[in-house]
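A.B. asks: Handing over input_30.cif, mmCIF, C-alpha atoms.
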data_work
loop_
_atom_site.label_atom_id
_atom_site.label_comp_id
_atom_site.auth_asym_id
_atom_site.auth_seq_id
_atom_site.Cartn_x
_atom_site.Cartn_y
_atom_site.Cartn_z
CA MET A 354 95.81 120.29 96.97
CA ILE A 355 93.67 121.64 94.08
CA ARG A 356 92.74 125.25 94.88
CA THR A 357 89.20 125.65 93.54
CA ILE A 358 86.64 128.41 93.02
CA ILE A 359 83.00 128.15 91.94
CA ALA A 360 81.15 130.65 89.74
CA GLU A 361 77.42 129.88 89.94
CA ASP A 362 74.49 132.28 90.44
CA ASP A 363 72.11 129.61 91.76
CA ALA A 364 72.84 129.36 95.49
CA MET A 365 71.51 125.81 95.78
CA VAL A 366 73.58 124.51 92.86
CA ALA A 367 76.65 126.34 94.17
CA SER A 368 76.19 124.66 97.54
CA ILE A 369 75.85 121.25 95.88
CA ASN A 370 78.99 121.89 93.82
CA LYS A 371 80.93 122.82 96.95
CA THR A 372 79.69 119.81 98.91
CA TYR A 373 80.48 117.40 96.08
CA ALA A 374 83.90 118.96 95.44
CA GLU A 375 85.01 118.85 99.06
CA LYS A 376 84.14 115.17 99.37
CA ASN A 377 87.37 114.74 97.44
CA ALA A 378 90.37 115.08 99.74
CA ASP A 379 92.44 116.68 96.95
CA ILE A 380 90.02 119.60 96.51
CA LYS A 381 89.80 122.80 98.55
CA VAL A 382 87.07 125.33 97.63
CA ASP A 383 88.39 128.82 98.39
CA GLN A 384 85.53 131.00 97.16
CA ILE A 385 82.05 130.93 95.62
CA PHE A 386 80.98 133.74 93.27
CA THR A 387 77.50 134.52 91.97
CA SER A 388 78.71 136.40 88.91
CA GLY A 389 81.42 136.10 86.31
CA THR A 390 82.51 139.65 87.05
CA ASN A 391 83.32 138.92 90.69
CA ALA A 392 85.13 135.71 89.77
CA TRP A 393 87.23 137.60 87.22
CA GLU A 394 88.18 140.26 89.79
CA TYR A 395 89.31 137.49 92.14
CA LEU A 396 91.32 135.65 89.49
CA GLN A 397 93.28 138.76 88.57
CA LYS A 398 94.70 138.83 92.11
CA ASN A 399 94.59 135.18 93.20
CA LYS A 400 95.60 131.83 91.73
CA ALA A 401 93.08 129.05 91.23
CA ASP A 402 93.92 125.58 89.94
CA LEU A 403 90.32 124.76 89.09
CA LEU A 404 87.19 126.76 88.25
CA ILE A 405 83.75 125.14 88.37
CA LEU A 406 81.78 127.40 86.05
CA ASP A 407 78.17 128.01 84.98
CA VAL A 408 77.36 129.53 81.59
CA TYR A 409 74.28 131.58 82.44
CA MET A 410 75.16 134.30 84.96
CA PRO A 411 74.22 137.99 85.25
CA GLY A 412 76.61 140.54 83.80
CA MET A 413 79.53 138.49 82.52
CA THR A 414 78.55 135.01 81.35
CA GLY A 415 80.62 131.95 82.08
CA LEU A 416 81.83 131.76 78.47
CA GLU A 417 82.86 135.43 78.54
CA LEU A 418 84.77 134.78 81.77
CA LEU A 419 86.42 131.72 80.26
CA GLU A 420 87.49 133.75 77.23
CA LYS A 421 89.07 136.40 79.48
CA ILE A 422 90.91 133.72 81.45
CA ARG A 423 92.42 132.20 78.32
CA HIS A 424 93.32 135.56 76.76
CA ALA A 425 95.12 136.44 80.00
CA GLY A 426 97.17 133.25 79.68
CA MET A 427 95.82 131.71 82.89
CA GLN A 428 96.27 127.94 83.07
CA THR A 429 93.26 127.38 85.34
CA ASP A 430 91.44 124.13 84.61
CA VAL A 431 87.73 124.63 84.01
CA ILE A 432 84.77 122.30 84.48
CA MET A 433 81.53 123.68 83.06
CA VAL A 434 78.44 122.80 85.12
CA THR A 435 75.47 124.28 83.31
CA ALA A 436 72.00 123.93 81.81
CA ALA A 437 73.39 125.15 78.46
CA ASN A 438 73.23 122.11 76.21
CA ASP A 439 73.27 123.91 72.86
CA SER A 440 75.98 123.25 70.30
CA ALA A 441 77.20 126.87 70.24
CA SER A 442 77.94 126.92 73.98
CA LEU A 443 79.58 123.50 73.91
CA SER A 444 81.68 124.35 70.85
CA LYS A 445 82.86 127.64 72.38
CA ALA A 446 83.74 125.98 75.70
CA LEU A 447 85.68 123.20 73.98
CA SER A 448 87.62 125.69 71.87
CA LEU A 449 88.68 127.46 75.08
CA GLY A 450 90.17 124.32 76.59
CA ILE A 451 87.70 123.12 79.22
CA MET A 452 88.41 119.89 81.10
CA ASP A 453 84.80 118.68 81.16
CA TYR A 454 81.21 119.76 80.50
CA LEU A 455 78.38 118.65 82.82
CA ILE A 456 74.70 119.26 82.07
CA LYS A 457 72.37 120.02 84.99
CA PRO A 458 71.02 118.02 86.71
CA PHE A 459 74.08 115.83 87.22
CA THR A 460 74.98 112.95 89.52
CA TYR A 461 77.68 112.95 92.16
CA GLU A 462 79.42 110.10 90.32
CA ARG A 463 79.66 112.14 87.11
CA PHE A 464 80.87 115.19 89.04
CA GLU A 465 83.55 113.13 90.79
CA GLU A 466 84.65 111.72 87.43
CA ALA A 467 85.22 115.27 86.19
CA LEU A 468 87.26 116.12 89.29
CA GLN A 469 89.41 113.03 88.88
CA LYS A 470 90.28 114.07 85.33
CA CYS A 471 91.68 117.35 86.66
CA ILE A 472 93.50 115.71 89.55
CA SER A 473 95.06 113.02 87.35
CA ARG A 474 96.24 115.56 84.78
CA LYS A 475 97.74 117.83 87.42
CA LYS A 476 99.63 114.95 89.02
CA LEU A 477 100.95 113.74 85.69
CA LEU A 478 102.08 117.14 84.46
CA THR A 479 103.81 118.12 87.70
CA ASN A 480 106.11 115.09 87.48
CA GLU A 481 109.43 115.58 85.71
CA LYS A 482 109.17 112.56 83.49
CA LEU A 483 109.22 111.53 79.88
CA PHE A 484 105.85 110.38 78.60
CA ARG A 485 105.11 107.28 76.61
CA GLN A 486 102.51 107.47 73.84
CA ASN A 487 99.86 105.55 75.80
CA GLU A 488 100.17 108.00 78.71
CA ILE A 489 99.79 110.99 76.37
CA ASP A 490 96.75 109.32 74.77
CA ALA A 491 95.21 108.86 78.20
CA LEU A 492 95.97 112.46 79.15
CA LEU A 493 94.29 113.84 76.03
CA SER A 494 91.32 111.48 75.95
CA HIS A 495 90.75 111.29 79.72
CA SER A 496 90.57 107.51 79.43
CA PRO A 497 92.75 105.03 81.30
CA ALA A 498 96.14 104.40 79.78
CA ARG A 499 96.17 101.30 77.64
CA LYS A 500 98.57 98.76 79.00
CA THR A 501 100.26 96.18 76.88
CA PRO A 502 99.49 92.63 77.94
CA GLU A 503 101.87 91.40 80.60
CA LEU A 504 103.71 89.14 78.20
CA LEU A 505 107.45 89.42 77.82
CA GLU A 506 108.67 90.76 74.52
CA LYS A 507 110.68 88.53 72.22
CA GLY A 508 114.21 88.02 73.54
CA MET A 509 113.34 89.03 77.12
CA GLN A 510 113.74 86.59 80.00
CA LYS A 511 111.59 86.45 83.13
CA GLN A 512 114.64 85.58 85.24
CA THR A 513 116.40 88.75 84.06
CA LEU A 514 113.29 90.83 84.65
CA ASP A 515 112.91 89.46 88.18
CA MET A 516 116.57 90.19 88.90
CA ILE A 517 116.21 93.84 87.84
CA ILE A 518 113.08 94.27 89.95
CA LYS A 519 114.82 92.66 92.94
CA VAL A 520 117.73 95.09 92.65
CA MET A 521 115.32 98.03 92.51
CA GLN A 522 113.45 96.71 95.55
CA GLU A 523 116.75 96.76 97.42
CA HIS A 524 116.98 100.52 96.68
CA PRO A 525 113.35 101.55 97.38
CA HIS A 526 113.97 105.24 98.20
CA GLN A 527 116.54 105.95 95.54
CA ASP A 528 116.21 107.02 91.91
CA ILE A 529 118.51 104.62 90.13
CA THR A 530 120.09 105.12 86.71
CA SER A 531 120.51 102.57 83.93
CA GLU A 532 124.28 102.83 84.46
CA GLU A 533 123.90 101.89 88.14
CA LEU A 534 121.53 99.06 87.28
CA SER A 535 124.01 97.83 84.70
CA GLU A 536 126.76 97.64 87.31
CA LEU A 537 124.55 95.95 89.90
CA THR A 538 123.08 93.36 87.53
CA HIS A 539 126.12 92.87 85.24
CA LEU A 540 123.88 93.51 82.24
CA SER A 541 124.68 95.85 79.38
CA LYS A 542 123.17 99.36 79.49
CA VAL A 543 121.25 98.62 76.30
CA THR A 544 119.69 95.53 77.89
CA VAL A 545 118.82 97.42 81.08
CA ARG A 546 117.13 100.21 79.12
CA ARG A 547 115.07 97.70 77.17
CA TYR A 548 113.79 96.07 80.35
CA MET A 549 113.15 99.46 81.96
CA ASN A 550 111.07 100.58 78.98
CA TYR A 551 109.03 97.41 79.31
CA LEU A 552 108.49 97.98 83.05
CA ILE A 553 107.48 101.60 82.47
CA ASN A 554 104.94 100.50 79.85
CA GLU A 555 103.56 97.98 82.37
CA GLY A 556 103.20 100.75 84.97
CA LYS A 557 105.64 99.07 87.35
CA VAL A 558 108.39 101.68 87.08
CA THR A 559 108.38 105.47 86.76
CA SER A 560 111.08 107.56 85.11
CA THR A 561 112.35 111.08 85.68
CA VAL A 562 115.07 113.18 84.07
CA ASP A 563 117.93 114.48 86.19
CA TYR A 564 119.19 117.79 84.77
CA SER A 565 121.57 118.51 87.66
CA THR A 566 124.54 116.71 86.13
CA GLY A 567 125.82 119.81 84.36
CA GLY A 568 126.19 117.75 81.22
CA ARG A 569 123.93 115.30 79.48
CA PRO A 570 120.72 114.69 81.50
CA ARG A 571 120.39 111.28 83.18
CA MET A 572 117.32 109.06 83.12
CA CYS A 573 116.44 107.87 86.62
CA TYR A 574 114.07 105.03 87.52
CA GLU A 575 111.99 104.14 90.55
CA LEU A 576 109.51 101.38 91.29
CA ALA A 577 105.95 102.65 91.01
CA SER A 578 104.17 103.01 94.34
#
Using the file provided, produce a representation of the structure as structure tokens.

C.D. replies:
Amino acid sequence: MIRTIIAEDDAMVASINKTYAEKNADIKVDQIFTSGTNAWEYLQKNKADLLILDVYMPGMTGLELLEKIRHAGMQTDVIMVTAANDSASLSKALSLGIMDYLIKPFTYERFEEALQKCISRKKLLTNEKLFRQNEIDALLSHSPARKTPELLEKGMQKQTLDMIIKVMQEHPHQDITSEELSELTHLSKVTVRRYMNYLINEGKVTSTVDYSTGGRPRMCYELAS
């Protein structure tokens, strides 16, 4: 669940933001604030995963609040929802690590797109996994990960690939290592790792690192859900 607060001095816009946000089952709006000052007081005592933030507010502006948040080392994701469409505001917001910047008036579809960016990033970064370059590119650009065409690489055999997948399907609730796959398929560890890297790139397998061995960490694999 993404714990969310809204800082917006226009009551109607704040209500729209809340309604739109809570249409998403992953979002829970905890508080709405009409000033940056009140939002800052809350954040000093409470954790928020996401802040939906206006620029123009009485007292402390949204950009001033955002600057305080970053200087305090808070990792709160921020979506700006504002009428401020000048280059200075946009440049400042970008330099302070916002997730997205929406200009009023905005559509529900564009608002939901911004929420999905935050949700996708949170889910990716809370997984103990090693990232491939295309996943990092997607994370930084907010665009879908580019998948390589589903063509087998040179030297790979469909029969071998199908056998590995079949073995993994027989262990659906178990993270399986390349060593275990090697024993079950009678393939070398090098061959297994090559096929696993291919399946990860195709989005069919996920990988995590097991640090509980006390020695060298193990790479564990699971079929993607």

A.B. asks: Assuming the chain letters and numbering stay as they are in my file, what does the PyMOL selection byres ((chain A and resi 359) around 10) actually select? List them as number ranges by chain.

C.D. replies: A: 357-358, 360-362, 367-368, 370-371, 374, 382-389, 392, 403-407, 431-432, 434

A.B. asks: Using the chain letters and residue numbers of this document, give as a compact mmCIF listing (two decimals) with C-alpha atoms, in the coordinates of the input the residues selected by the PyMOL selection byres ((chain A and resi 529) around 12).

C.D. replies:
# COMPACT_ATOMS: atom_id res chain seq x y z
CA ILE A 517 116.21 93.84 87.84
CA ILE A 518 113.08 94.27 89.95
CA VAL A 520 117.73 95.09 92.65
CA MET A 521 115.32 98.03 92.51
CA GLN A 522 113.45 96.71 95.55
CA GLU A 523 116.75 96.76 97.42
CA HIS A 524 116.98 100.52 96.68
CA PRO A 525 113.35 101.55 97.38
CA HIS A 526 113.97 105.24 98.20
CA GLN A 527 116.54 105.95 95.54
CA ASP A 528 116.21 107.02 91.91
CA THR A 530 120.09 105.12 86.71
CA SER A 531 120.51 102.57 83.93
CA GLU A 532 124.28 102.83 84.46
CA GLU A 533 123.90 101.89 88.14
CA LEU A 534 121.53 99.06 87.28
CA SER A 535 124.01 97.83 84.70
CA GLU A 536 126.76 97.64 87.31
CA LEU A 537 124.55 95.95 89.90
CA VAL A 545 118.82 97.42 81.08
CA ARG A 546 117.13 100.21 79.12
CA MET A 549 113.15 99.46 81.96
CA VAL A 558 108.39 101.68 87.08
CA THR A 559 108.38 105.47 86.76
CA SER A 560 111.08 107.56 85.11
CA THR A 561 112.35 111.08 85.68
CA VAL A 562 115.07 113.18 84.07
CA ASP A 563 117.93 114.48 86.19
CA ARG A 571 120.39 111.28 83.18
CA MET A 572 117.32 109.06 83.12
CA CYS A 573 116.44 107.87 86.62
CA TYR A 574 114.07 105.03 87.52
CA GLU A 575 111.99 104.14 90.55
CA LEU A 576 109.51 101.38 91.29

A.B. asks: What do you get, as a VMD selection string, if you spell out every residue that the PyMOL selection byres ((chain A and resi 467) around 10) selects here?

C.D. replies: chain A and resid 431 to 433 452 to 455 461 to 466 468 to 472 495

A.B. asks: I need the residue nearest A:Asp430 from this list: A:Ser442, A:Ile369, A:Tyr395, A:Ile451. Use all atoms listed in the file for the distance.

C.D. replies: A:Ile451

A.B. asks: Would you mind telling me which residue in A:Thr390, A:Ile489, A:Lys475, A:Ala577 lies nearest to A:Lys557 when using only C-alpha atoms?

C.D. replies: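 For A:Lys557, the nearest of the candidates is A:Ala577.
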
A.B. asks: So which one's closest to A:Met413, A:Met427, A:Lys400, A:Gly508, A:Asn391? Using all atoms listed in the file, please.

C.D. replies: A:Asn391

A.B. asks: Please measure the separation of atom CA of A:Leu552 and atom CA of A:Tyr564, giving the value in Å to one decimal.

C.D. replies: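 Between these atoms lies a distance of 22.6 Å.
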
A.B. asks: Rounded to one decimal in Å, what is the spacing between atom CA of A:Met354 and atom CA of A:Asp402?

C.D. replies: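 Between these atoms lies a distance of 9.0 Å.
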
A.B. asks: Produce the centre coordinates and the three edge lengths, each in Å to one decimal, of the box along x, y and z that contains all listed atoms of stretch 435-450 of chain A with 8 Å added on each side, as JSON.

C.D. replies:
{"center_x": 81.1, "center_y": 124.9, "center_z": 76.8, "size_x": 34.2, "size_y": 21.5, "size_z": 29.1}

A.B. asks: Which is closer to A:Leu449 than all the others in A:Glu375, A:Leu418, A:Met516, A:Lys476, using only C-alpha atoms?

C.D. replies: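 Ranking A:Glu375, A:Leu418, A:Met516, A:Lys476 by distance to A:Leu449, first place goes to A:Leu418.
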
A.B. asks: Any idea what the distance is between atom CA of A:Ala378 and atom CA of A:Trp393?

C.D. replies: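 Atom-to-atom, atom CA of A:Ala378 and atom CA of A:Trp393 are spaced 26.0 Å apart.
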
A.B. asks: From the options A:Asn487, A:Thr460, A:Gln397, A:Thr429, which residue's atoms come nearest to A:Glu555, counting all atoms listed in the file?

C.D. replies: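 Closest to A:Glu555, using all atoms listed in the file: A:Asn487.
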
A.B. asks: Out of A:Lys507, A:Lys376, A:Arg485, A:Arg474, which residue has the shortest atom-to-atom distance to A:Tyr548 when counting all atoms listed in the file?

C.D. replies: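 Going through A:Lys507, A:Lys376, A:Arg485, A:Arg474 one by one, the smallest distance to A:Tyr548 is for A:Lys507.
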
A.B. asks: So which residues are close to (83.6, 130.6, 74.5), meaning at most 12 Å away in the file's coordinates with only C-alpha atoms counted, and can you show them as an MDAnalysis selection string?

C.D. replies: chainID A and resid 408 413:424 431 433 440:451
